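The next block is structure14.cif, given as mmCIF, C-alpha atoms and all ligand atoms.
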data_coords
#
loop_
_atom_site.label_atom_id
_atom_site.label_comp_id
_atom_site.auth_asym_id
_atom_site.auth_seq_id
_atom_site.Cartn_x
_atom_site.Cartn_y
_atom_site.Cartn_z
CA MET K 11 86.35 83.04 97.59
CA PRO K 12 86.65 79.30 98.40
CA LEU K 13 87.62 78.26 94.84
CA GLN K 14 90.25 80.40 93.12
CA ILE K 15 91.81 79.87 89.72
CA ILE K 16 95.33 81.28 89.64
CA ARG K 17 98.21 81.29 87.23
CA ASN K 18 101.44 80.40 89.10
CA ASP K 19 104.18 77.86 89.69
CA ILE K 20 102.64 75.59 92.32
CA THR K 21 105.96 75.33 94.17
CA LYS K 22 105.60 79.03 94.98
CA VAL K 23 102.04 78.83 96.35
CA GLU K 24 101.86 79.40 100.12
CA CYS K 25 99.10 77.24 101.53
CA ASP K 26 98.63 74.27 103.87
CA ALA K 27 99.02 71.61 101.17
CA ILE K 28 99.98 71.43 97.53
CA VAL K 29 99.06 68.46 95.37
CA ASN K 30 101.62 66.65 93.25
CA ALA K 31 100.64 65.00 89.95
CA ALA K 32 102.86 61.99 90.60
CA ASN K 33 103.31 58.56 89.06
CA SER K 34 102.56 55.33 90.86
CA THR K 35 106.15 54.87 92.13
CA LEU K 36 106.02 58.25 93.95
CA LEU K 37 109.76 58.49 93.26
CA GLY K 38 109.63 61.69 91.20
CA GLY K 39 109.54 62.43 87.49
CA GLY K 40 109.17 65.41 85.18
CA GLY K 41 106.55 68.16 84.98
CA VAL K 42 105.03 69.31 88.23
CA ASP K 43 106.36 66.15 89.97
CA GLY K 44 109.91 67.13 89.09
CA ALA K 45 109.37 70.76 90.08
CA ILE K 46 107.95 69.82 93.48
CA HIS K 47 110.73 67.37 94.30
CA LYS K 48 113.36 69.88 93.19
CA ALA K 49 111.91 72.66 95.35
CA ALA K 50 111.20 70.42 98.36
CA GLY K 51 114.66 68.90 98.51
CA ARG K 52 115.90 65.38 99.15
CA GLY K 53 113.86 64.89 102.31
CA LEU K 54 110.70 64.57 100.22
CA LEU K 55 112.11 61.72 98.14
CA LEU K 56 113.36 59.90 101.24
CA GLU K 57 109.86 60.05 102.79
CA CYS K 58 108.23 59.00 99.49
CA MET K 59 110.47 55.94 99.34
CA LYS K 60 108.79 54.66 102.51
CA LEU K 61 105.24 54.99 101.10
CA GLY K 62 105.31 51.95 98.84
CA GLY K 63 103.89 53.73 95.81
CA CYS K 64 100.31 54.84 95.14
CA LYS K 65 97.45 53.54 92.97
CA VAL K 66 95.84 55.63 90.21
CA GLY K 67 93.06 57.80 91.66
CA GLN K 68 94.40 57.52 95.21
CA ALA K 69 96.50 59.93 97.28
CA LYS K 70 99.20 59.85 99.97
CA ILE K 71 100.55 62.67 102.14
CA THR K 72 104.05 63.75 103.13
CA LYS K 73 105.60 66.79 104.77
CA GLY K 74 106.37 69.86 102.62
CA TYR K 75 110.09 70.18 103.54
CA ASN K 76 111.58 73.27 101.78
CA LEU K 77 108.30 74.17 100.08
CA PRO K 78 106.13 77.03 101.44
CA CYS K 79 103.49 74.53 102.53
CA LYS K 80 103.01 72.10 105.42
CA TYR K 81 102.17 69.07 103.29
CA VAL K 82 102.52 67.62 99.82
CA ILE K 83 99.65 65.36 98.78
CA HIS K 84 100.75 62.99 96.05
CA THR K 85 98.10 61.63 93.72
CA VAL K 86 98.38 59.61 90.55
CA GLY K 87 96.19 60.69 87.67
CA PRO K 88 94.90 58.48 84.86
CA LYS K 89 96.71 58.34 81.53
CA TRP K 90 94.40 59.57 78.74
CA LYS K 91 93.46 56.67 76.46
CA GLY K 92 90.67 58.29 74.49
CA GLY K 93 88.13 58.81 77.26
CA ASN K 94 86.48 55.38 77.40
CA ASN K 95 88.69 53.81 80.05
CA ASN K 96 87.21 55.30 83.20
CA GLU K 97 89.55 58.31 82.90
CA ARG K 98 87.00 60.82 84.19
CA GLU K 99 86.08 58.75 87.24
CA LEU K 100 89.74 58.15 88.09
CA LEU K 101 90.57 61.84 87.70
CA GLU K 102 87.63 62.83 89.92
CA SER K 103 88.92 60.32 92.46
CA CYS K 104 92.32 62.06 92.48
CA TYR K 105 90.69 65.34 93.55
CA LYS K 106 88.30 63.68 96.02
CA SER K 107 90.97 61.59 97.76
CA SER K 108 93.35 64.57 97.92
CA LEU K 109 90.64 66.81 99.40
CA ASP K 110 89.64 64.14 101.92
CA LEU K 111 93.28 63.71 102.96
CA ALA K 112 93.64 67.49 103.32
CA ARG K 113 90.52 67.66 105.49
CA GLU K 114 91.73 64.74 107.66
CA ASN K 115 94.95 66.69 108.25
CA ASN K 116 93.03 69.88 109.14
CA CYS K 117 94.23 71.78 106.09
CA GLU K 118 92.43 75.08 105.55
CA SER K 119 93.89 75.63 102.09
CA ILE K 120 95.12 73.45 99.24
CA ALA K 121 96.51 74.00 95.73
CA PHE K 122 96.02 71.64 92.78
CA PRO K 123 97.82 71.54 89.43
CA LEU K 124 95.69 70.31 86.53
CA ILE K 125 96.29 66.63 87.17
CA SER K 126 96.89 64.39 84.12
CA SER K 127 96.77 67.34 81.68
CA GLY K 128 100.49 67.22 80.89
CA VAL K 129 102.49 64.06 80.25
CA TYR K 130 99.39 61.92 80.81
CA GLY K 131 97.64 63.66 77.93
CA TYR K 132 94.21 64.44 79.42
CA PRO K 133 92.69 67.23 77.24
CA MET K 134 93.36 70.46 79.11
CA ASP K 135 89.88 71.97 79.10
CA GLU K 136 88.28 68.65 80.04
CA ALA K 137 90.81 68.22 82.85
CA PHE K 138 90.01 71.76 83.99
CA LYS K 139 86.27 71.06 83.97
CA VAL K 140 86.68 67.87 86.04
CA ALA K 141 88.85 69.76 88.51
CA VAL K 142 86.40 72.64 88.92
CA GLU K 143 83.29 70.47 89.13
CA THR K 144 84.80 68.00 91.62
CA VAL K 145 86.18 70.76 93.86
CA ALA K 146 82.92 72.72 93.66
CA GLU K 147 80.96 69.67 94.81
CA PHE K 148 83.34 69.21 97.78
CA LEU K 149 83.00 72.91 98.71
CA MET K 150 79.20 72.64 98.88
CA HIS K 151 79.71 70.58 102.06
CA ASN K 152 83.13 71.69 103.35
CA ASP K 153 84.92 74.94 104.16
CA MET K 154 88.35 75.08 102.56
CA LEU K 155 90.23 77.52 100.31
CA VAL K 156 91.10 75.68 97.10
CA TYR K 157 93.44 76.99 94.42
CA ILE K 158 93.47 75.50 90.94
CA VAL K 159 96.89 76.45 89.62
CA VAL K 160 97.00 76.84 85.84
CA TYR K 161 100.58 76.86 84.63
CA ASN K 162 100.05 77.96 81.03
CA LYS K 163 96.72 79.80 80.70
CA ASN K 164 96.84 79.95 76.92
CA ALA K 165 96.16 76.23 76.70
CA LEU K 166 92.80 76.90 78.37
CA ALA K 167 91.88 79.79 76.18
CA THR K 168 92.46 78.08 72.87
CA SER K 169 90.40 74.92 73.13
CA SER K 170 86.96 75.75 74.46
CA LYS K 171 84.00 76.48 72.13
CA LEU K 172 82.43 78.38 74.99
CA LEU K 173 85.41 80.75 75.14
CA THR K 174 85.23 81.26 71.37
CA ASP K 175 81.54 82.18 71.63
CA ILE K 176 82.32 84.60 74.45
CA ALA K 177 85.14 86.17 72.46
CA GLN K 178 82.65 86.79 69.65
CA TYR K 179 80.10 88.26 72.09
CA ILE K 180 82.76 90.59 73.51
CA ASP K 181 83.73 91.63 70.01
CA ASP K 182 80.08 92.42 69.21
CA ASN K 183 79.32 94.26 72.43
CA TYR K 184 82.40 95.50 74.18
CA VAL K 185 83.08 99.18 73.70
CA ALA K 186 86.56 99.81 75.07
CA GLU K 187 86.76 102.93 77.26
CA HIS K 188 89.37 104.47 74.98
CA SER K 189 87.21 104.03 71.89
CA GLN K 190 85.88 107.38 70.75
CA TYR K 191 83.36 107.43 68.00
CA TYR K 192 83.68 105.23 64.98
CA ASN K 193 81.48 103.58 62.45
CA ARG K 194 81.92 99.85 63.02
CA ARG K 195 80.82 99.16 59.44
CA THR K 196 83.78 100.97 57.95
CA ASN K 197 85.93 100.97 61.06
CA ASN K 198 86.75 104.62 60.26
CA ILE K 199 86.79 107.48 62.70
CA ASP K 200 83.79 109.58 61.75
CA GLU K 201 84.68 113.12 62.78
CA SER K 202 81.16 114.38 62.03
CA MET K 203 79.62 112.23 64.78
CA PRO K 204 79.23 113.96 68.18
CA LEU K 205 81.02 112.17 70.98
CA PRO K 206 78.54 109.47 72.16
CA GLN K 207 77.65 108.94 75.78
CA THR K 208 77.81 105.39 77.04
CA ARG K 209 77.18 103.22 74.03
CA PHE K 210 75.15 100.06 74.26
CA LEU K 211 75.84 98.47 70.89
CA ALA K 212 73.00 95.99 70.63
CA ASP K 213 73.82 95.21 67.03
CA GLU K 214 75.39 96.52 63.81
CA GLU K 215 72.45 98.88 63.04
CA ASP K 216 72.51 100.51 66.45
CA CYS K 217 76.16 101.37 66.30
CA CYS K 218 75.83 103.57 63.19
CA SER K 219 72.93 105.62 64.50
CA CYS K 220 73.68 105.75 68.20
CA THR K 221 75.22 109.04 69.22
CA GLU K 222 74.38 108.90 72.90
CA ALA K 223 73.09 106.48 75.47
CA PRO K 224 69.57 105.37 74.45
CA MET K 225 66.90 107.52 76.18
CA MET K 226 64.88 105.62 78.78
CA SER K 227 61.68 104.67 76.90
CA GLN K 228 58.39 105.87 78.50
CA PRO K 229 57.39 103.06 80.92
CA SER K 230 54.30 101.10 79.86
CA PHE K 231 51.60 100.35 82.45
CA GLU K 232 53.43 97.10 83.36
CA ASP K 233 56.79 98.88 83.56
CA ALA K 234 55.15 101.55 85.72
CA ALA K 235 53.99 98.78 88.04
CA ASP K 236 57.57 97.38 88.18
CA LEU K 237 58.87 100.90 88.58
CA SER K 238 56.52 101.54 91.48
CA ASP K 239 57.79 98.31 93.07
CA ILE K 240 61.33 99.66 92.76
CA VAL K 241 60.26 103.05 94.10
CA ILE K 242 58.48 101.41 97.05
CA THR K 243 61.56 99.37 97.83
CA LEU K 244 63.87 102.32 97.06
CA ASP K 245 65.12 102.35 100.61
CA GLU K 246 65.82 98.63 100.53
CA SER K 247 69.58 98.17 100.82
CA PHE K 248 71.64 95.59 98.91
CA SER K 249 71.80 93.40 101.98
CA GLN K 250 68.02 93.58 102.53
CA MET K 251 67.32 92.81 98.87
CA LEU K 252 69.74 89.87 99.00
CA LEU K 253 68.02 88.33 102.02
CA ARG K 254 64.59 88.97 100.45
CA LYS K 255 65.65 87.26 97.23
CA ILE K 256 67.08 84.27 99.14
CA ASP K 257 63.67 83.83 100.79
CA GLU K 258 61.77 84.36 97.53
CA LYS K 259 63.92 81.71 95.84
CA GLY K 260 63.32 79.29 98.71
CA MET K 261 67.07 78.95 99.32
CA THR K 262 68.93 78.71 102.60
CA ASP K 263 71.69 81.21 103.36
CA ILE K 264 74.29 78.43 103.12
CA GLU K 265 73.03 77.24 99.73
CA CYS K 266 73.17 80.79 98.43
CA TYR K 267 76.65 81.78 99.54
CA LYS K 268 78.13 78.38 98.65
CA LYS K 269 76.61 78.65 95.17
CA ALA K 270 78.00 82.20 94.98
CA ASN K 271 81.47 80.89 95.86
CA ILE K 272 81.49 83.35 98.78
CA ASP K 273 82.99 82.38 102.13
CA ARG K 274 80.90 82.17 105.27
CA LYS K 275 82.64 85.10 107.02
CA LEU K 276 81.85 87.55 104.25
CA PHE K 277 78.23 86.43 104.09
CA SER K 278 77.74 86.91 107.82
CA LYS K 279 79.19 90.44 107.52
CA ILE K 280 76.65 91.23 104.79
CA ARG K 281 73.81 89.61 106.74
CA SER K 282 74.52 91.49 109.95
CA ASN K 283 75.04 94.93 108.38
CA PRO K 284 72.10 96.28 106.30
CA ASP K 285 74.37 99.04 104.96
CA TYR K 286 77.26 96.74 103.99
CA LYS K 287 78.92 97.91 100.75
CA PRO K 288 80.02 94.81 98.77
CA SER K 289 82.36 94.76 95.77
CA LYS K 290 80.83 94.50 92.28
CA PRO K 291 82.08 90.86 91.73
CA THR K 292 80.50 89.92 95.05
CA VAL K 293 77.13 91.42 94.08
CA ILE K 294 77.23 89.67 90.74
CA ALA K 295 78.22 86.37 92.39
CA PHE K 296 75.00 86.54 94.44
CA CYS K 297 72.95 87.50 91.36
CA VAL K 298 74.32 84.40 89.63
CA ALA K 299 73.69 82.19 92.67
CA LEU K 300 70.10 83.47 92.83
CA GLU K 301 69.78 83.04 89.04
CA LEU K 302 68.47 86.60 88.64
CA SER K 303 67.46 88.00 85.26
CA LEU K 304 69.46 90.82 83.70
CA ALA K 305 66.91 93.37 84.98
CA GLU K 306 67.00 91.96 88.52
CA THR K 307 70.80 91.83 88.35
CA ASN K 308 70.94 95.50 87.42
CA GLU K 309 68.48 96.29 90.20
CA MET K 310 70.63 94.50 92.79
CA LEU K 311 73.79 96.15 91.43
CA MET K 312 72.14 99.57 91.73
CA LYS K 313 71.42 98.88 95.41
CA ALA K 314 75.18 98.60 95.89
CA GLY K 315 75.95 101.58 93.65
CA PHE K 316 77.03 99.68 90.53
CA ALA K 317 75.70 98.95 87.04
CA LEU K 318 76.64 96.66 84.16
CA SER K 319 78.34 98.52 81.35
CA HIS K 320 79.43 97.62 77.82
CA SER K 321 82.63 99.53 78.35
CA ASN K 322 83.72 96.87 80.83
CA LYS K 323 84.79 93.47 79.48
CA PHE K 324 84.00 91.79 82.81
CA ASP K 325 80.40 93.08 82.59
CA VAL K 326 80.01 92.01 78.97
CA ILE K 327 81.06 88.46 79.88
CA ILE K 328 78.62 88.42 82.82
CA GLU K 329 75.85 89.67 80.55
CA TYR K 330 76.70 86.86 78.06
CA PHE K 331 76.05 84.21 80.71
CA ILE K 332 72.98 85.80 82.31
CA LYS K 333 71.32 86.31 78.91
CA ARG K 334 71.83 82.60 78.26
CA GLU K 335 70.62 81.75 81.76
CA ASN K 336 73.91 79.94 82.39
CA TYR K 337 74.41 80.44 86.13
CA ASN K 338 77.29 78.01 86.61
CA ILE K 339 79.62 80.28 88.56
CA PHE K 340 82.62 78.03 87.97
CA GLU K 341 82.07 78.06 84.22
CA ILE K 342 81.74 81.84 84.42
CA ASN K 343 84.97 82.07 86.42
CA GLU K 344 86.72 79.84 83.89
CA ALA K 345 85.71 82.31 81.18
CA LEU K 346 86.67 85.35 83.28
CA PHE K 347 90.03 83.75 84.02
CA ALA K 348 90.64 83.03 80.33
CA PHE K 349 89.98 86.69 79.52
CA ASP K 350 92.21 87.97 82.35
CA GLN K 351 89.29 89.37 84.33
CA SER K 352 88.78 89.25 88.10
CA LEU K 353 86.74 86.25 89.23
CA LEU K 354 83.34 86.12 90.87
CA GLY K 355 83.15 85.72 94.60
CA ALA K 356 84.74 87.60 97.47
N1 LIG I 1 103.24 74.47 88.69
C1 LIG I 1 101.96 74.25 88.33
N2 LIG I 1 101.58 73.46 87.32
C2 LIG I 1 102.57 72.86 86.62
C3 LIG I 1 103.94 73.03 86.92
C4 LIG I 1 104.25 73.89 88.00
N3 LIG I 1 105.52 74.11 88.38
N4 LIG I 1 104.66 72.29 86.04
C5 LIG I 1 103.78 71.71 85.21
N5 LIG I 1 102.52 72.06 85.55
C6 LIG I 1 101.27 71.67 84.93
C7 LIG I 1 101.37 71.21 83.51
O1 LIG I 1 101.36 72.34 82.64
C8 LIG I 1 100.08 70.41 83.39
O2 LIG I 1 98.99 71.28 83.09
O3 LIG I 1 100.79 70.55 85.64
C9 LIG I 1 99.87 69.84 84.80
C10 LIG I 1 100.15 68.34 84.91
O4 LIG I 1 101.25 68.02 84.06
P1 LIG I 1 102.34 66.91 84.48
O5 LIG I 1 103.23 67.46 85.50
O6 LIG I 1 102.94 66.41 83.21
O7 LIG I 1 101.51 65.74 85.19
P2 LIG I 1 100.59 64.61 84.53
O8 LIG I 1 100.04 65.01 83.22
O9 LIG I 1 99.65 64.24 85.62
O10 LIG I 1 101.61 63.41 84.26
C11 LIG I 1 102.18 62.79 85.38
O11 LIG I 1 104.36 63.14 84.54
O12 LIG I 1 105.96 64.33 85.63
C12 LIG I 1 105.52 63.05 85.39
O13 LIG I 1 106.15 61.79 87.31
C13 LIG I 1 105.06 62.37 86.62
O14 LIG I 1 104.84 60.28 85.53
C14 LIG I 1 104.13 61.37 86.05
C15 LIG I 1 103.46 62.12 84.92
#
Would you mind writing the file out in C-alpha cells?
Amino acid sequence: MPLQIIRNDITKVECDAIVNAANSTLLGGGGVDGAIHKAAGRGLLLECMKLGGCKVGQAKITKGYNLPCKYVIHTVGPKWKGGNNNERELLESCYKSSLDLARENNCESIAFPLISSGVYGYPMDEAFKVAVETVAEFLMHNDMLVYIVVYNKNALATSSKLLTDIAQYIDDNYVAEHSQYYNRRTNNIDESMPLPQTRFLADEEDCCSCTEAPMMSQPSFEDAADLSDIVITLDESFSQMLLRKIDEKGMTDIECYKKANIDRKLFSKIRSNPDYKPSKPTVIAFCVALELSLAETNEMLMKAGFALSHSNKFDVIIEYFIKRENYNIFEINEALFAFDQSLLGA
C-alpha cells in the first residue's frame, strides 16, 4: 500500500528517508526536531550547520547518521496564524518539496510527521488532511512508499465531525461478535429471545423483532434479471470481474490501482492470475476505486469469498462511506486508522 498511516516514533521508522519538522535555522529544537537530532547524533547538527538554514515550505537533505534511515529531509512548516496567511499552500509545499527531494535521491520510501501540527499550532486534523491529499496527489504519478507517522492518534480522533458521524453509525449498526441477544431499547438481556443468526440492525425497530438473519426476499422480475446476470457470470473470478469493471468504468489499470492505493506489483499479480485470492481490504480498496454500489461491492467480495458483515467494525465503516458514495480512500483510511482498524490497500 503506497500510503500508510502508522502510529510510531519517527526516529524508529526504518525507511530511506525521514522528514524533520524543523525551524528555519535547521539547528535543532524541540518536538520531532529535537527527537531526530537526539537519535541521529552530533553529526547531523554539524552537517545542518553547513546548510545555511531553510525557507518555510522548502526542504534540504542530509545523511541519517545513527538513525535507521539513509537520509533526513528537513523542511520548515508554516506557523498557524488563523488560516488566512497562505498556511495551507506553504504546508503543501513542505510535502511536495520533501517528496521531490526524496525522488531526486532515489528514495523508495519516506516517513513524514504531521508537519506544523505541534509547536506551530496547525490544527491537527487539517494538517492531517493536507498531508494525505498532497501525498496522494504525488502518488498518482510516482511510485514510492510513504508513511504518515501519527505520534498521538487520539488528537486525530477527537476533532473530526466525520469521525463523530462514523462513531454514531457504528453505534447504530455494529453488532459486536460477543453480543448475544439483547433488546437495544432496554439494553437488557432478553432470555426469552432465541439466539439470533447474523443480525443486520437496520434501525431501532428491526432490532427488537429480529431473531435471525432476514430471509432473502423473493426476487422481483428485475431482481431475477440481476440474479440471472450473476448466475451467468457465476464462474467469473474476482480478477475477471475486476478487469471487467475497470473496462466498464472506462478506467485504465494504472488509474484504478493508484486510486485503490494498491502497489503496481500486487495489481500485476492479480491481473496475471485469474484465480488470485486477494485479502478483504484489497477487494474493498478496488470496490472503492471503482466507486461500486453496496450491491456491487458485495458481489465483488463474494467472488473472493468474503462478505460485509455488521459484526465487523471495519465493514460497518466501509458501508458508512459506500452508502454515502464517499469513495475517497484516504478519508476512509483516516477513519479506519482512527478506529484502530486495518487500512484499505495491499
Ligand atoms: N515521532 C513522530 N512524530 C512526532 C514525534 C516523534 N518522535 N515527536 C513529535 N511528533 C509530532 C507532534 O506530535 C506533532 O504532531 O510531530 C508533529 C509536529 O510537531 P513539532 O515537532 O512541534 O513540529 P512543528 O509543529 O512543525 O513545529 C516546528 O518546533 O520542535 C520545534 O524546531 C522545531 O521550531 C520548530 C517547531
Close residues to ligand LIG 1 (chain I) using only C-alpha atoms and all ligand atoms, limit 10 Å, as a PyMOL selection string: chain K and resi 16-23+28-46+49+85-90+101+121-135+137-138+158-163+165-166
Nearby residues (all atoms listed in the file) at most 12 Å from K:Leu172, same-chain spacing under 6 positions excluded, as a VMD selection string: chain K and resid 135 166 178 to 179 327 330 to 331 334 336 341 to 342 344 to 346 348
Atom pair atom CA of K:Asn343 / atom CA of K:Gln14: separation (Å):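 One can read the atom CA of K:Asn343 to atom CA of K:Gln14 distance as 8.7 Å.
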Which residue of K:Ala317, K:Leu354, K:Ile256, K:Ile120 approaches K:Ala295 most closely, using all atoms listed in the file: K:Leu354
Å distance separating atom CA of K:Ser119 from atom CA of K:Tyr267, one decimal place: 18.5 Å
Separation of atom CA of K:Leu77 from atom CA of K:Ala50, in Å and rounded to one decimal: 5.0 Å
Need the shell around stretch 105-117 of chain K: protein/DNA/RNA residues with any atom at most 8 Å away, counting only C-alpha atoms. Skip same-chain ones fewer than 5 positions apart. Format as a PDB file with C-alpha atoms, in the coordinates of the input?
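Heads up, here's the output in around04.pdb:
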ATOM      1  CA  ASP K  26      98.630  74.270 103.870  1.00  0.00           C
ATOM      2  CA  ALA K  27      99.020  71.610 101.170  1.00  0.00           C
ATOM      3  CA  VAL K  29      99.060  68.460  95.370  1.00  0.00           C
ATOM      4  CA  GLY K  67      93.060  57.800  91.660  1.00  0.00           C
ATOM      5  CA  GLN K  68      94.400  57.520  95.210  1.00  0.00           C
ATOM      6  CA  ALA K  69      96.500  59.930  97.280  1.00  0.00           C
ATOM      7  CA  LYS K  70      99.200  59.850  99.970  1.00  0.00           C
ATOM      8  CA  ILE K  71     100.550  62.670 102.140  1.00  0.00           C
ATOM      9  CA  ILE K  83      99.650  65.360  98.780  1.00  0.00           C
ATOM     10  CA  HIS K  84     100.750  62.990  96.050  1.00  0.00           C
ATOM     11  CA  THR K  85      98.100  61.630  93.720  1.00  0.00           C
ATOM     12  CA  ALA K 141      88.850  69.760  88.510  1.00  0.00           C
ATOM     13  CA  THR K 144      84.800  68.000  91.620  1.00  0.00           C
ATOM     14  CA  VAL K 145      86.180  70.760  93.860  1.00  0.00           C
ATOM     15  CA  PHE K 148      83.340  69.210  97.780  1.00  0.00           C
ATOM     16  CA  MET K 154      88.350  75.080 102.560  1.00  0.00           C
TER      17      MET K 154
END
From K:Ile264, K:Ala270, K:Ala177, K:Ala314, residue lying nearest K:Tyr286 [all atoms listed in the file]: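 That would be K:Ala314, the residue with the smallest distance to K:Tyr286.
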